[in-house]
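Worksheet for the structure shown next.
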Amino acid sequence: MAKAIASAAARLLTPDDHTLVLIDHQSQMAFPVRSIDVALLRTNAGLVSKAAAGFAVPTILTTVAKASFSGPLFPEIAEAFGEAAPVIDRTTMNAWEDPNITARVNEIGKPKLVFAGLWTSVCIVGPALSALEQGFPVYVITDASGDVSDEAHERAVQRMLQAGAQPLTSLQYLLELQRDWARGATYDLVTGIARTNAGGYGIGIQYAKSMFGAQEGH
């Protein structure tokens, strides 16, 4: 018979067990997106970026044909990581086929990979399937990704799930990194991001802070 133990599942993300890869969140790539409102997409991408920056998650930022076609990164991403944050520009649709990307993944050396970007059916399916085939646990933030139609996005997500990828949302990503309100060092960070990018979520901020904010080390 199974025995309940007060410990987290290994599949849950922590700030130090994964690399976040944000792919092609660029103006021209967003222009034809129809599976999600572009303003919401940008808000969610900003939420994920603030979460990763705040929790010091190693992050790879990459663009495709930045100068000739696709344009700059969403400002929400650039602001979260700093305007001087390195960005790898590629020609390959599948980022995993660019040796600069895989070299950076290997250099960082984290066991899990979390992807988000544009478009889901091309620029996310490619690296997700490639990384899965090479033995990496893969997670996809579905509401920080988008495509030219609902059909394109949903079939891409379904294809990745069938291959073993794990889906999550941007807010889920933020809260999974925090996991415990007694982690006072990141309490203000998380609640601040939730207020700004997720409209809050019903928690009484001052009450919760008085109850849990002083506790550390969990």
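Lettering and numbering for the structure tokens are positional, with chains as A, B, ... in the shown order, residues counted from 1 in each chain, and ligands counted from 1 in the shown order.
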With a distance cut-off of 9 Å and only C-alpha atoms, select the neighbouring residues of segment 127-141 of chain A, excluding the residue or stretch itself and same-chain residues fewer than 4 positions from it, and output the selection as a PyMOL selection string. chain A and resi 11+48+94-97+111-117+122-123+145+157+159-160+163-170+172-173
What are the DSSP helix (DSSP H, G or I) residues of segment 120-218 of chain A, as a PyMOL selection string? chain A and resi 120-133+142-144+150-163+170-178+184-197+205-212
Rank A:Val57, A:Ile101, A:Ile124, A:Leu22 by their smallest atom-to-atom distance to Ile77 of chain A, using only C-alpha atoms, and report the top residue only. A:Leu22
List the spatial neighbours of Asp24 of chain A as a list in words - criterion: any atom at most 9 Å away, only C-alpha atoms, same-chain residues fewer than 3 positions off excluded.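 The residues that qualify are Ser27, Met29, Ala30, Leu61, Thr62, Thr63, Val64, Lys66, Ser70, Pro72, Leu73, Ala116, Gly117, Leu118, Trp119 and Cys123 of chain A.
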Take the residues from that selection and write them out as a PDB file, in the first residue's frame, keeping C-alpha atoms.
ATOM      1  CA  SER A  27       6.727  41.641 -33.242  1.00  0.00           C
ATOM      2  CA  MET A  29       5.969  36.683 -35.431  1.00  0.00           C
ATOM      3  CA  ALA A  30       3.121  37.915 -33.220  1.00  0.00           C
ATOM      4  CA  LEU A  61      16.570  34.111 -25.229  1.00  0.00           C
ATOM      5  CA  THR A  62      16.546  33.471 -28.939  1.00  0.00           C
ATOM      6  CA  THR A  63      15.172  35.186 -32.037  1.00  0.00           C
ATOM      7  CA  VAL A  64      14.928  34.294 -35.697  1.00  0.00           C
ATOM      8  CA  LYS A  66      15.753  39.608 -36.095  1.00  0.00           C
ATOM      9  CA  SER A  70      10.959  39.221 -37.450  1.00  0.00           C
ATOM     10  CA  PRO A  72      12.892  42.800 -31.816  1.00  0.00           C
ATOM     11  CA  LEU A  73      11.901  40.881 -28.710  1.00  0.00           C
ATOM     12  CA  ALA A 116       7.555  29.015 -24.728  1.00  0.00           C
ATOM     13  CA  GLY A 117       7.398  31.037 -27.922  1.00  0.00           C
ATOM     14  CA  LEU A 118       6.048  31.654 -31.393  1.00  0.00           C
ATOM     15  CA  TRP A 119       4.783  29.796 -33.286  1.00  0.00           C
ATOM     16  CA  CYS A 123       9.314  27.015 -33.312  1.00  0.00           C
TER      17      CYS A 123
END
So that I can see what lies close to Gly109 of chain A, please list as number ranges by chain the residues with an atom at most 10 Å from it, counting only C-alpha atoms and leaving out residues fewer than 2 positions away in the same chain. A: 17-19, 58, 103-107, 111-112
Nearest to Val190 of chain A, chosen from A:Leu47, A:Ala9, A:Leu20, A:Ala80, with only C-alpha atoms counted in the distances: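 Of A:Leu47, A:Ala9, A:Leu20, A:Ala80, the one nearest Val190 of chain A, counting only C-alpha atoms, is A:Leu47.
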Pull the strand (DSSP E or B) assignments for chain A out of DSSP run on the backbone, and list those residues as a VMD selection string. chain A and resid 18 to 23 26 59 to 64 73 87 to 90 112 to 118 138 to 141 146 166 to 168
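Note that atom CA of Glu154 of chain A and atom CA of Leu40 of chain A are 17.4 Å apart.
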Between A:Ser68, A:Gln28, A:Ala152, A:Phe74, which residue has the minimum interatomic distance to Arg42 of chain A, considering only C-alpha atoms?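 Going through A:Ser68, A:Gln28, A:Ala152, A:Phe74 one by one, the smallest distance to Arg42 of chain A is for A:Phe74.
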Shell around Glu151 of chain A at 12 Å using only C-alpha atoms, local window under 5 positions removed, as a compact mmCIF listing (two decimals) with N, CA, C and O atoms, in the first residue's frame:
# COMPACT_ATOMS: atom_id res chain seq x y z
N VAL A 33 -0.75 35.99 -35.12
CA VAL A 33 -1.21 35.07 -34.08
C VAL A 33 -2.71 35.26 -33.83
O VAL A 33 -3.18 36.38 -33.65
N ARG A 34 -3.44 34.15 -33.83
CA ARG A 34 -4.89 34.19 -33.62
C ARG A 34 -5.35 33.26 -32.49
O ARG A 34 -6.52 33.32 -32.08
N SER A 35 -4.48 32.41 -31.99
CA SER A 35 -4.90 31.45 -30.96
C SER A 35 -4.99 32.09 -29.58
O SER A 35 -5.57 31.50 -28.66
N ILE A 36 -4.44 33.27 -29.41
CA ILE A 36 -4.49 34.00 -28.15
C ILE A 36 -4.41 35.48 -28.47
O ILE A 36 -3.77 35.88 -29.45
N THR A 120 3.76 28.03 -31.99
CA THR A 120 3.73 26.75 -31.30
C THR A 120 4.00 25.58 -32.24
O THR A 120 4.74 24.66 -31.90
N SER A 121 3.43 25.63 -33.43
CA SER A 121 3.48 24.49 -34.34
C SER A 121 4.80 24.35 -35.08
O SER A 121 5.03 23.33 -35.74
N GLY A 146 1.86 30.88 -28.98
CA GLY A 146 0.70 31.15 -29.82
C GLY A 146 0.96 30.76 -31.25
O GLY A 146 2.10 30.51 -31.65
N ALA A 156 -0.44 21.35 -32.25
CA ALA A 156 0.97 21.36 -31.83
C ALA A 156 1.10 20.92 -30.39
O ALA A 156 1.97 20.10 -30.05
N VAL A 157 0.24 21.44 -29.51
CA VAL A 157 0.29 21.05 -28.11
C VAL A 157 0.00 19.56 -27.98
O VAL A 157 0.69 18.83 -27.25
N GLN A 158 -1.02 19.09 -28.69
CA GLN A 158 -1.37 17.67 -28.64
C GLN A 158 -0.21 16.80 -29.10
O GLN A 158 0.10 15.76 -28.49
N ARG A 159 0.45 17.22 -30.15
CA ARG A 159 1.59 16.45 -30.68
C ARG A 159 2.71 16.36 -29.65
O ARG A 159 3.31 15.30 -29.45
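By chain and then residue number, the residues within 7 Å of Leu177 of chain A are Leu13, Thr14, Pro15, Tyr173, Leu174, Leu175 and Arg179 of chain A, counting only C-alpha atoms and disregarding those fewer than 2 positions away in sequence.
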